[in-house]
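Structure below is model.tsv: TSV, C-alpha atoms.
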```
chain	number	residue	atom	x	y	z
V	1	MET	CA	71.44	-69.48	-56.52
V	2	ALA	CA	73.21	-70.25	-53.25
V	3	LYS	CA	76.98	-69.85	-52.76
V	4	ASP	CA	77.47	-73.60	-53.08
V	5	GLY	CA	75.90	-73.57	-56.55
V	6	THR	CA	72.62	-75.24	-55.68
V	7	GLN	CA	69.22	-73.94	-56.71
V	8	ARG	CA	67.65	-73.40	-53.30
V	9	GLY	CA	65.09	-70.90	-52.22
V	10	GLY	CA	63.10	-69.03	-54.79
V	11	THR	CA	59.52	-67.94	-54.68
V	12	ARG	CA	57.18	-69.56	-52.23
V	13	VAL	CA	54.00	-71.27	-53.33
V	14	ASN	CA	50.95	-68.95	-53.25
V	15	SER	CA	53.09	-65.92	-52.43
V	16	GLY	CA	51.74	-63.86	-55.33
V	17	ARG	CA	48.69	-61.64	-55.57
V	18	LYS	CA	45.57	-63.37	-54.34
V	19	SER	CA	42.87	-63.81	-56.95
V	20	LYS	CA	39.21	-63.33	-56.15
V	21	LYS	CA	36.75	-66.15	-56.57
V	22	LEU	CA	34.66	-66.04	-59.71
V	23	ASP	CA	31.36	-65.67	-57.84
V	24	SER	CA	32.79	-62.71	-55.85
V	25	LYS	CA	33.81	-60.98	-59.08
V	26	LEU	CA	30.33	-61.47	-60.50
V	27	LEU	CA	28.67	-60.12	-57.33
V	28	ASP	CA	30.93	-57.03	-57.46
V	29	GLY	CA	29.67	-56.35	-60.97
V	30	LYS	CA	33.06	-56.86	-62.58
V	31	ASN	CA	33.57	-58.49	-65.93
V	32	ALA	CA	34.45	-62.02	-64.98
V	33	VAL	CA	34.70	-64.77	-67.52
V	34	ALA	CA	33.48	-68.17	-66.50
V	35	LEU	CA	34.46	-71.21	-68.46
V	36	PRO	CA	32.81	-71.17	-71.86
V	37	VAL	CA	29.89	-73.56	-72.13
V	38	PRO	CA	29.87	-75.27	-75.51
V	39	ALA	CA	26.55	-75.22	-77.36
V	40	ASP	CA	26.64	-78.97	-77.96
V	41	MET	CA	27.49	-79.90	-74.37
V	42	LYS	CA	26.63	-83.49	-73.58
V	43	GLY	CA	26.74	-85.30	-70.28
V	44	THR	CA	29.45	-87.90	-69.97
V	45	ASP	CA	29.67	-90.91	-67.75
V	46	MET	CA	32.10	-90.99	-64.89
V	47	PRO	CA	35.34	-92.72	-65.89
V	48	SER	CA	35.61	-96.21	-64.49
V	49	VAL	CA	37.49	-96.61	-61.25
V	50	LYS	CA	40.88	-98.23	-61.76
V	51	ASN	CA	41.59	-101.60	-60.17
V	52	TYR	CA	44.27	-100.36	-57.79
V	53	LEU	CA	41.69	-98.12	-56.11
V	54	ARG	CA	39.52	-101.15	-55.28
V	55	THR	CA	42.02	-103.75	-54.11
V	56	LYS	CA	41.92	-105.35	-50.69
V	57	GLN	CA	44.56	-104.36	-48.17
V	58	ALA	CA	47.12	-106.80	-46.83
V	59	SER	CA	45.12	-106.81	-43.60
V	60	GLY	CA	42.08	-108.05	-45.54
V	61	LYS	CA	40.14	-104.82	-45.08
V	62	GLN	CA	38.56	-102.90	-47.91
V	63	PHE	CA	40.63	-100.11	-49.47
V	64	ARG	CA	38.46	-96.98	-49.30
V	65	ALA	CA	40.09	-95.14	-52.21
V	66	LYS	CA	37.20	-96.03	-54.55
V	67	GLU	CA	34.64	-94.38	-52.26
V	68	VAL	CA	36.74	-91.23	-51.86
V	69	TYR	CA	37.39	-91.10	-55.63
V	70	LEU	CA	33.67	-91.37	-56.46
V	71	GLU	CA	32.64	-88.79	-53.85
V	72	THR	CA	35.31	-86.33	-55.00
V	73	TYR	CA	34.47	-86.82	-58.67
V	74	ASN	CA	30.75	-86.31	-57.98
V	75	TRP	CA	31.56	-83.17	-55.97
V	76	LEU	CA	33.62	-81.82	-58.88
V	77	GLN	CA	30.83	-82.73	-61.28
V	78	SER	CA	28.29	-80.80	-59.19
V	79	PHE	CA	30.32	-77.63	-59.89
V	80	GLY	CA	31.04	-78.56	-63.52
V	81	CYS	CA	34.78	-78.76	-62.87
V	82	GLU	CA	35.42	-82.49	-63.41
V	83	ASN	CA	37.31	-81.76	-66.64
V	84	LEU	CA	39.56	-79.14	-65.03
V	85	VAL	CA	41.18	-81.43	-62.47
V	86	SER	CA	43.29	-84.28	-63.79
V	87	ARG	CA	42.11	-87.78	-63.08
V	88	GLN	CA	45.54	-88.62	-61.66
V	89	MET	CA	45.21	-85.86	-59.05
V	90	ILE	CA	41.82	-87.17	-57.97
V	91	GLU	CA	43.27	-90.69	-57.76
V	92	GLN	CA	46.28	-89.50	-55.75
V	93	TYR	CA	43.97	-87.65	-53.38
V	94	ALA	CA	41.74	-90.71	-52.97
V	95	ILE	CA	44.72	-92.98	-52.26
V	96	CYS	CA	46.18	-90.59	-49.67
V	97	VAL	CA	42.86	-90.29	-47.85
V	98	ALA	CA	42.33	-94.07	-47.94
V	99	ARG	CA	45.84	-94.73	-46.61
V	100	TRP	CA	45.34	-92.12	-43.89
V	101	ILE	CA	42.10	-93.82	-42.82
V	102	ALA	CA	43.84	-97.23	-42.83
V	103	CYS	CA	46.63	-95.88	-40.59
V	104	GLU	CA	44.11	-94.30	-38.22
V	105	GLU	CA	42.13	-97.54	-37.98
V	106	PHE	CA	45.32	-99.49	-37.23
V	107	ILE	CA	46.29	-96.98	-34.55
V	108	SER	CA	42.80	-97.33	-33.04
V	109	GLU	CA	43.18	-101.11	-32.95
V	110	THR	CA	46.76	-101.34	-31.66
V	111	GLY	CA	47.37	-98.07	-29.82
V	112	PHE	CA	50.00	-95.38	-30.09
V	113	LEU	CA	52.85	-97.50	-28.78
V	114	ALA	CA	54.85	-100.29	-30.40
V	115	LYS	CA	57.62	-102.58	-29.23
V	116	HIS	CA	61.19	-101.78	-30.28
V	117	PRO	CA	62.47	-104.68	-32.44
V	118	THR	CA	65.77	-105.20	-30.60
V	119	THR	CA	65.35	-103.85	-27.08
V	120	GLY	CA	61.65	-104.58	-26.62
V	121	ALA	CA	61.12	-101.14	-25.07
V	122	ALA	CA	57.99	-99.14	-25.81
V	123	ILE	CA	58.34	-96.71	-28.72
V	124	LYS	CA	55.98	-94.52	-30.70
V	125	SER	CA	54.07	-96.51	-33.31
V	126	PRO	CA	55.39	-95.87	-36.84
V	127	TYR	CA	51.77	-95.67	-38.01
V	128	VAL	CA	51.43	-92.33	-36.23
V	129	ASP	CA	54.05	-90.75	-38.48
V	130	MET	CA	52.65	-92.49	-41.56
V	131	SER	CA	49.19	-91.19	-40.71
V	132	LEU	CA	50.47	-87.63	-40.42
V	133	THR	CA	52.33	-87.92	-43.72
V	134	TYR	CA	49.28	-89.21	-45.60
V	135	MET	CA	47.07	-86.56	-44.00
V	136	LYS	CA	49.48	-83.82	-45.07
V	137	GLN	CA	49.62	-85.15	-48.65
V	138	ALA	CA	45.84	-85.45	-48.80
V	139	ASN	CA	45.40	-81.88	-47.56
V	140	GLN	CA	47.88	-80.51	-50.10
V	141	LEU	CA	46.13	-82.32	-52.94
V	142	TRP	CA	42.72	-81.22	-51.68
V	143	PHE	CA	43.80	-77.57	-51.57
V	144	GLN	CA	44.94	-77.84	-55.21
V	145	ILE	CA	41.63	-79.39	-56.26
V	146	TYR	CA	39.61	-76.88	-54.22
V	147	GLN	CA	41.55	-73.95	-55.71
V	148	VAL	CA	40.63	-75.03	-59.24
V	149	VAL	CA	36.95	-75.26	-58.31
V	150	LYS	CA	36.99	-71.99	-56.37
V	151	GLU	CA	38.53	-70.07	-59.27
V	152	ASN	CA	36.40	-71.59	-62.01
V	153	SER	CA	32.96	-72.10	-60.50
V	154	SER	CA	30.28	-69.45	-60.86
V	155	GLU	CA	28.58	-70.85	-57.73
V	156	ASN	CA	29.66	-70.22	-54.16
V	157	VAL	CA	31.97	-73.06	-53.18
V	158	SER	CA	31.66	-73.88	-49.51
V	159	GLY	CA	32.22	-76.97	-47.43
V	160	PHE	CA	33.64	-80.31	-48.36
V	161	VAL	CA	31.11	-83.09	-48.29
V	162	THR	CA	33.62	-85.84	-49.08
V	163	GLN	CA	35.87	-85.11	-46.11
V	164	THR	CA	32.92	-84.81	-43.75
V	165	ASP	CA	31.43	-88.11	-44.93
V	166	THR	CA	34.78	-89.88	-44.67
V	167	MET	CA	35.37	-88.58	-41.14
V	168	GLU	CA	31.86	-89.59	-40.09
V	169	MET	CA	32.45	-93.06	-41.52
V	170	LEU	CA	35.75	-93.33	-39.64
V	171	LEU	CA	34.16	-92.19	-36.38
V	172	ILE	CA	31.20	-94.54	-36.73
V	173	LYS	CA	33.41	-97.57	-37.54
V	174	GLY	CA	35.81	-96.70	-34.71
V	175	ARG	CA	33.04	-96.35	-32.14
V	176	PRO	CA	33.13	-99.07	-29.44
V	177	LYS	CA	30.08	-101.33	-29.35
```
Do you think you could lay out the structure here as structure tokens?
Amino acid sequence: MAKDGTQRGGTRVNSGRKSKKLDSKLLDGKNAVALPVPADMKGTDMPSVKNYLRTKQASGKQFRAKEVYLETYNWLQSFGCENLVSRQMIEQYAICVARWIACEEFISETGFLAKHPTTGAAIKSPYVDMSLTYMKQANQLWFQIYQVVKENSSENVSGFVTQTDTMEMLLIKGRPK
């Protein structure tokens, strides 16, 4: 507790002992416990995508959160970890990535500068800061999702197909014709 009575400081996130990935423990010959596989395990359908992930933007463009949600959920399913990550976290991640892409597209269309509302002078576009904020949130959420998969998957977890596909899509759409 600080002198002024506020609860500041404390332990930092991820400052503790680093845990090894499950596949590394298995390769080292250590006793590592993967998630128990129930004997009566049945495949389940992907939960339906909520409406707010599919709505059109105010600009009339498609909101890409549905695509990111489906790609992320399928990626989690490929490692058998779809039940370990909350649906809300996947939705939050998808929304942050979609908003980041929307900001980047708007910056590509209008440029990095905007007009000041009262003086008319050139200023930095507010979409630049919004883009950085959404990118930071998306990365933080992704690291949380990735950590769950890394710690609970018996396979080697490498790469991120969803982010690569999304970036390729952004680059292809932003390419001048």
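The smallest atom-to-atom distance between Gln88 of chain V and any of V:Gln62, V:Pro126, V:Leu27, V:Tyr73, using all atoms listed in the file, is found for V:Tyr73.
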Subject >> Long-range neighbours of segment 49-51 of chain V as a list in words, 9 Å cut-off, all atoms listed in the file, 5 positions minimum in chain >> reply: Lys66, Tyr69, Leu70 and Glu91 of chain V
Closest contacts (segment 114-149 of chain V/segment 103-110 of chain V, max 8 Å, only C-alpha atoms) as a tab-separated table:
```
residue	atom	partner	partner_atom	distance
V:Ser125	CA	V:Ile107	CA	7.9
V:Tyr127	CA	V:Cys103	CA	5.8
V:Val128	CA	V:Ile107	CA	7.1
V:Met130	CA	V:Cys103	CA	7.0
V:Ser131	CA	V:Cys103	CA	5.3
```
Which residues are near Gln144 of chain V? Cut-off 9 Å, only C-alpha atoms, ignore same chain within fewer than 5 positions. Put them as a compact mmCIF listing (two decimals) with C-alpha atoms, keeping the file's coordinate frame.
```
# COMPACT_ATOMS: atom_id res chain seq x y z
CA VAL V 85 41.18 -81.43 -62.47
CA MET V 89 45.21 -85.86 -59.05
CA ASN V 139 45.40 -81.88 -47.56
CA VAL V 149 36.95 -75.26 -58.31
```
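Taking atom CA of Glu67 of chain V and atom CA of Asp129 of chain V as endpoints, the distance between them is 24.1 Å.
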Subject >> Which residue of V:Leu141, V:Leu113, V:Ala102, V:Ile95 approaches Ala58 of chain V most closely, using all atoms listed in the file >> reply: V:Ala102
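Closest to Gln57 of chain V among V:Arg99, V:Lys30, V:Arg8, V:Arg17 is V:Arg99, based on only C-alpha atoms.
When all atoms listed in the file are used to measure the gap to Lys150 of chain V, the shortest distance among V:Asp4, V:Trp100, V:Leu76, V:Phe112 belongs to V:Leu76.
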**OP:** Choose the residue, out of V:Leu53, V:Ile123, V:Ala65, V:Cys81, that has the smallest atom-to-atom separation from Glu151 of chain V; count all atoms listed in the file.
**Re:** V:Cys81
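Distance annotation: of V:Asn74, V:Gln92, V:Asn152, V:Thr6, the residue with the minimal separation from Tyr52 of chain V is V:Gln92; atom set is all atoms listed in the file.
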Subject >> Coordinates-based distance that separates atom CA of Leu84 of chain V from atom CA of Phe63 of chain V (Å, one decimal) >> reply: 26.1 Å
So that I can look at just that part, could you write segment 94-113 of chain V with N, CA and C atoms, as a PDB file, in the first residue's frame?
```pdb
ATOM      1  N   ALA V  94     -11.932 -11.094 -31.374  1.00  0.00           N
ATOM      2  CA  ALA V  94     -12.416 -10.902 -32.744  1.00  0.00           C
ATOM      3  C   ALA V  94     -12.847  -9.452 -32.977  1.00  0.00           C
ATOM      4  N   ILE V  95     -13.511  -8.862 -32.009  1.00  0.00           N
ATOM      5  CA  ILE V  95     -13.958  -7.473 -32.149  1.00  0.00           C
ATOM      6  C   ILE V  95     -12.759  -6.530 -32.218  1.00  0.00           C
ATOM      7  N   CYS V  96     -11.769  -6.739 -31.352  1.00  0.00           N
ATOM      8  CA  CYS V  96     -10.582  -5.872 -31.362  1.00  0.00           C
ATOM      9  C   CYS V  96      -9.839  -5.965 -32.691  1.00  0.00           C
ATOM     10  N   VAL V  97      -9.685  -7.167 -33.215  1.00  0.00           N
ATOM     11  CA  VAL V  97      -8.996  -7.327 -34.502  1.00  0.00           C
ATOM     12  C   VAL V  97      -9.804  -6.669 -35.614  1.00  0.00           C
ATOM     13  N   ALA V  98     -11.132  -6.856 -35.603  1.00  0.00           N
ATOM     14  CA  ALA V  98     -11.974  -6.262 -36.646  1.00  0.00           C
ATOM     15  C   ALA V  98     -11.940  -4.738 -36.587  1.00  0.00           C
ATOM     16  N   ARG V  99     -11.973  -4.185 -35.386  1.00  0.00           N
ATOM     17  CA  ARG V  99     -11.906  -2.724 -35.242  1.00  0.00           C
ATOM     18  C   ARG V  99     -10.534  -2.200 -35.681  1.00  0.00           C
ATOM     19  N   TRP V 100      -9.488  -2.935 -35.355  1.00  0.00           N
ATOM     20  CA  TRP V 100      -8.151  -2.540 -35.781  1.00  0.00           C
ATOM     21  C   TRP V 100      -8.069  -2.508 -37.302  1.00  0.00           C
ATOM     22  N   ILE V 101      -8.610  -3.531 -37.952  1.00  0.00           N
ATOM     23  CA  ILE V 101      -8.603  -3.580 -39.418  1.00  0.00           C
ATOM     24  C   ILE V 101      -9.406  -2.413 -39.987  1.00  0.00           C
ATOM     25  N   ALA V 102     -10.562  -2.114 -39.380  1.00  0.00           N
ATOM     26  CA  ALA V 102     -11.389  -0.997 -39.855  1.00  0.00           C
ATOM     27  C   ALA V 102     -10.630   0.329 -39.744  1.00  0.00           C
ATOM     28  N   CYS V 103      -9.934   0.537 -38.632  1.00  0.00           N
ATOM     29  CA  CYS V 103      -9.139   1.761 -38.470  1.00  0.00           C
ATOM     30  C   CYS V 103      -8.035   1.837 -39.510  1.00  0.00           C
ATOM     31  N   GLU V 104      -7.356   0.717 -39.738  1.00  0.00           N
ATOM     32  CA  GLU V 104      -6.268   0.702 -40.717  1.00  0.00           C
ATOM     33  C   GLU V 104      -6.792   0.969 -42.125  1.00  0.00           C
ATOM     34  N   GLU V 105      -7.947   0.429 -42.463  1.00  0.00           N
ATOM     35  CA  GLU V 105      -8.520   0.694 -43.786  1.00  0.00           C
ATOM     36  C   GLU V 105      -8.878   2.172 -43.930  1.00  0.00           C
ATOM     37  N   PHE V 106      -9.436   2.755 -42.850  1.00  0.00           N
ATOM     38  CA  PHE V 106      -9.797   4.171 -42.913  1.00  0.00           C
ATOM     39  C   PHE V 106      -8.557   5.042 -43.046  1.00  0.00           C
ATOM     40  N   ILE V 107      -7.494   4.681 -42.341  1.00  0.00           N
ATOM     41  CA  ILE V 107      -6.237   5.430 -42.458  1.00  0.00           C
ATOM     42  C   ILE V 107      -5.702   5.310 -43.882  1.00  0.00           C
ATOM     43  N   SER V 108      -5.815   4.120 -44.480  1.00  0.00           N
ATOM     44  CA  SER V 108      -5.348   3.930 -45.855  1.00  0.00           C
ATOM     45  C   SER V 108      -6.136   4.786 -46.831  1.00  0.00           C
ATOM     46  N   GLU V 109      -7.430   4.957 -46.560  1.00  0.00           N
ATOM     47  CA  GLU V 109      -8.277   5.748 -47.464  1.00  0.00           C
ATOM     48  C   GLU V 109      -8.068   7.245 -47.284  1.00  0.00           C
ATOM     49  N   THR V 110      -7.921   7.703 -46.039  1.00  0.00           N
ATOM     50  CA  THR V 110      -7.907   9.141 -45.780  1.00  0.00           C
ATOM     51  C   THR V 110      -6.531   9.710 -45.474  1.00  0.00           C
ATOM     52  N   GLY V 111      -5.587   8.871 -45.092  1.00  0.00           N
ATOM     53  CA  GLY V 111      -4.246   9.351 -44.764  1.00  0.00           C
ATOM     54  C   GLY V 111      -4.059   9.511 -43.266  1.00  0.00           C
ATOM     55  N   PHE V 112      -2.846   9.903 -42.908  1.00  0.00           N
ATOM     56  CA  PHE V 112      -2.481  10.021 -41.496  1.00  0.00           C
ATOM     57  C   PHE V 112      -2.840  11.373 -40.897  1.00  0.00           C
ATOM     58  N   LEU V 113      -3.234  12.324 -41.724  1.00  0.00           N
ATOM     59  CA  LEU V 113      -3.531  13.660 -41.239  1.00  0.00           C
ATOM     60  C   LEU V 113      -5.019  13.938 -41.287  1.00  0.00           C
TER      61      LEU V 113
END
```
